[in-house]
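Accompanying notes for the structure given below.
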Amino acid sequence: MSKNAIVLAISALFLAASILFSITQKSNYKKALNSIKQESAQVEKIAALQQLWKAKGMKSKVEKVLNLAPASKKERLAIKRGKADIKLNSLTDRELNKILTKLSMLPLQFKKLQIVRSGEEFVLECLCVW
């Protein structure tokens, strides 16, 4: 074999390898691009759902429910940005049921709910988050 044939064979082999490399890189780029498009669409969808289901005006809604109980029965009432710490004393059974029903109708998560009965009166202690 002559030197020219060897150089020609090596250059043809190098050309074939570079073409295969180029094809695989393009297909990997297209796969990555499609993956990124899908992920960005999912992020946009999640953001839209979060905005739709976000608890708007929860502080005022919780305050409205707690106004059902007289001020003398409110021992502790701390409503912050995303949570409410509530302790109500000397509630009648009707007041307790009304307050718990209204609170349960709101999109709240009860982290702590304790009801203590003493005779005909109830003590409600609750920690809610939204």
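In the structure tokens, chains take letters A, B, ... by order of appearance, with residues numbered from 1 within each chain and ligands from 1 in the order shown.
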
Those of chain A in DSSP strand (DSSP E or B), formatted as a PyMOL selection string: chain A and resi 74-79+83-91+109-118+121-129

Please build the interface table for segment 17-73 of chain A against segment 92-107 of chain A with a cut-off of 9 Å, listing for each qualifying residue the nearest atom pair and the distance in Å to one decimal; count only C-alpha atoms, order rows by chain and increasing number, and write it as JSON lines.
{"residue": "A:Ala55", "atom": "CA", "partner": "A:Pro107", "partner_atom": "CA", "distance": 7.2}
{"residue": "A:Met58", "atom": "CA", "partner": "A:Leu106", "partner_atom": "CA", "distance": 8.3}
{"residue": "A:Lys61", "atom": "CA", "partner": "A:Leu106", "partner_atom": "CA", "distance": 8.1}
{"residue": "A:Val62", "atom": "CA", "partner": "A:Leu103", "partner_atom": "CA", "distance": 7.2}
{"residue": "A:Val65", "atom": "CA", "partner": "A:Lys102", "partner_atom": "CA", "distance": 6.3}
{"residue": "A:Leu66", "atom": "CA", "partner": "A:Ile99", "partner_atom": "CA", "distance": 6.9}
{"residue": "A:Leu68", "atom": "CA", "partner": "A:Ile99", "partner_atom": "CA", "distance": 7.0}
{"residue": "A:Ala69", "atom": "CA", "partner": "A:Glu95", "partner_atom": "CA", "distance": 6.8}

So which bits of segment 40-98 of chain A end up alpha helix (DSSP H) when you DSSP the backbone, as a PyMOL selection string? chain A and resi 40-53+58-66+93-98

Can you write just those residues out, C-alpha atoms, as a short mmCIF file (atom, residue, chain, number, x, y, z; two decimals), in the first residue's frame?
data_model
loop_
_atom_site.label_atom_id
_atom_site.label_comp_id
_atom_site.auth_asym_id
_atom_site.auth_seq_id
_atom_site.Cartn_x
_atom_site.Cartn_y
_atom_site.Cartn_z
CA SER A 40 -40.75 25.00 31.36
CA ALA A 41 -44.35 24.21 30.38
CA GLN A 42 -44.78 22.25 33.62
CA VAL A 43 -43.32 25.11 35.66
CA GLU A 44 -45.70 27.58 34.00
CA LYS A 45 -48.65 25.27 34.65
CA ILE A 46 -47.69 24.83 38.31
CA ALA A 47 -47.28 28.59 38.73
CA ALA A 48 -50.72 29.18 37.21
CA LEU A 49 -52.29 26.58 39.51
CA GLN A 50 -50.56 28.05 42.57
CA GLN A 51 -51.88 31.48 41.72
CA LEU A 52 -55.35 30.06 41.17
CA TRP A 53 -55.49 28.06 44.39
CA MET A 58 -57.29 34.20 54.62
CA LYS A 59 -56.42 36.49 57.52
CA SER A 60 -59.66 38.44 57.15
CA LYS A 61 -61.69 35.26 56.65
CA VAL A 62 -60.31 33.70 59.83
CA GLU A 63 -60.92 36.94 61.75
CA LYS A 64 -64.49 36.98 60.45
CA VAL A 65 -65.06 33.44 61.75
CA LEU A 66 -63.51 34.25 65.11
CA ASP A 93 -71.55 23.76 72.47
CA ARG A 94 -73.32 25.85 69.80
CA GLU A 95 -70.49 28.40 69.64
CA LEU A 96 -67.89 25.64 69.41
CA ASN A 97 -69.74 23.84 66.64
CA LYS A 98 -70.34 27.05 64.71
#

Residues near Ala78 of chain A, cut-off 12 Å, only C-alpha atoms, skip fewer than 4 positions along chain, as a PDB file with N, CA and C atoms, in the first residue's frame:
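New file part_23.pdb:
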ATOM      1  N   LYS A  59     -56.469  35.840  56.215  1.00  0.00           N
ATOM      2  CA  LYS A  59     -56.423  36.494  57.518  1.00  0.00           C
ATOM      3  C   LYS A  59     -57.782  37.110  57.845  1.00  0.00           C
ATOM      4  N   VAL A  62     -60.441  34.322  58.509  1.00  0.00           N
ATOM      5  CA  VAL A  62     -60.315  33.704  59.832  1.00  0.00           C
ATOM      6  C   VAL A  62     -60.797  34.664  60.910  1.00  0.00           C
ATOM      7  N   GLU A  63     -60.447  35.947  60.781  1.00  0.00           N
ATOM      8  CA  GLU A  63     -60.923  36.937  61.747  1.00  0.00           C
ATOM      9  C   GLU A  63     -62.446  37.027  61.743  1.00  0.00           C
ATOM     10  N   LEU A  66     -63.764  34.122  63.681  1.00  0.00           N
ATOM     11  CA  LEU A  66     -63.507  34.252  65.112  1.00  0.00           C
ATOM     12  C   LEU A  66     -64.314  35.371  65.759  1.00  0.00           C
ATOM     13  N   LYS A  74     -62.043  35.156  74.145  1.00  0.00           N
ATOM     14  CA  LYS A  74     -60.800  35.021  73.373  1.00  0.00           C
ATOM     15  C   LYS A  74     -59.611  35.222  74.299  1.00  0.00           C
ATOM     16  N   GLY A  82     -49.125  33.405  57.649  1.00  0.00           N
ATOM     17  CA  GLY A  82     -49.575  32.116  57.134  1.00  0.00           C
ATOM     18  C   GLY A  82     -50.133  31.189  58.182  1.00  0.00           C
ATOM     19  N   LYS A  83     -50.361  31.710  59.402  1.00  0.00           N
ATOM     20  CA  LYS A  83     -50.881  30.821  60.435  1.00  0.00           C
ATOM     21  C   LYS A  83     -51.681  31.609  61.463  1.00  0.00           C
ATOM     22  N   ALA A  84     -52.507  30.868  62.171  1.00  0.00           N
ATOM     23  CA  ALA A  84     -53.333  31.455  63.223  1.00  0.00           C
ATOM     24  C   ALA A  84     -53.218  30.577  64.462  1.00  0.00           C
ATOM     25  N   ASP A  85     -52.922  31.206  65.588  1.00  0.00           N
ATOM     26  CA  ASP A  85     -52.848  30.519  66.870  1.00  0.00           C
ATOM     27  C   ASP A  85     -54.035  31.020  67.696  1.00  0.00           C
ATOM     28  N   ILE A  86     -54.942  30.112  68.031  1.00  0.00           N
ATOM     29  CA  ILE A  86     -56.221  30.497  68.627  1.00  0.00           C
ATOM     30  C   ILE A  86     -56.432  29.718  69.920  1.00  0.00           C
ATOM     31  N   LYS A  87     -56.911  30.422  70.931  1.00  0.00           N
ATOM     32  CA  LYS A  87     -57.358  29.765  72.157  1.00  0.00           C
ATOM     33  C   LYS A  87     -58.599  30.504  72.641  1.00  0.00           C
ATOM     34  N   LEU A  88     -59.709  29.779  72.697  1.00  0.00           N
ATOM     35  CA  LEU A  88     -60.988  30.331  73.131  1.00  0.00           C
ATOM     36  C   LEU A  88     -61.458  29.573  74.362  1.00  0.00           C
ATOM     37  N   GLU A 125     -58.398  25.059  71.532  1.00  0.00           N
ATOM     38  CA  GLU A 125     -57.028  25.490  71.266  1.00  0.00           C
ATOM     39  C   GLU A 125     -56.647  24.942  69.898  1.00  0.00           C
ATOM     40  N   CYS A 126     -56.193  25.815  69.044  1.00  0.00           N
ATOM     41  CA  CYS A 126     -56.008  25.418  67.650  1.00  0.00           C
ATOM     42  C   CYS A 126     -54.870  26.199  67.009  1.00  0.00           C
ATOM     43  N   LEU A 127     -54.093  25.508  66.160  1.00  0.00           N
ATOM     44  CA  LEU A 127     -53.056  26.122  65.363  1.00  0.00           C
ATOM     45  C   LEU A 127     -53.341  25.764  63.916  1.00  0.00           C
ATOM     46  N   CYS A 128     -53.645  26.771  63.098  1.00  0.00           N
ATOM     47  CA  CYS A 128     -54.017  26.555  61.696  1.00  0.00           C
ATOM     48  C   CYS A 128     -52.969  27.193  60.795  1.00  0.00           C
ATOM     49  N   VAL A 129     -52.706  26.558  59.678  1.00  0.00           N
ATOM     50  CA  VAL A 129     -51.808  27.134  58.681  1.00  0.00           C
ATOM     51  C   VAL A 129     -52.512  27.103  57.320  1.00  0.00           C
TER      52      VAL A 129
END

Nearest candidate to Leu108 of chain A (options A:Lys56, A:Ser2, A:Ser11, A:Glu75; using only C-alpha atoms): A:Lys56
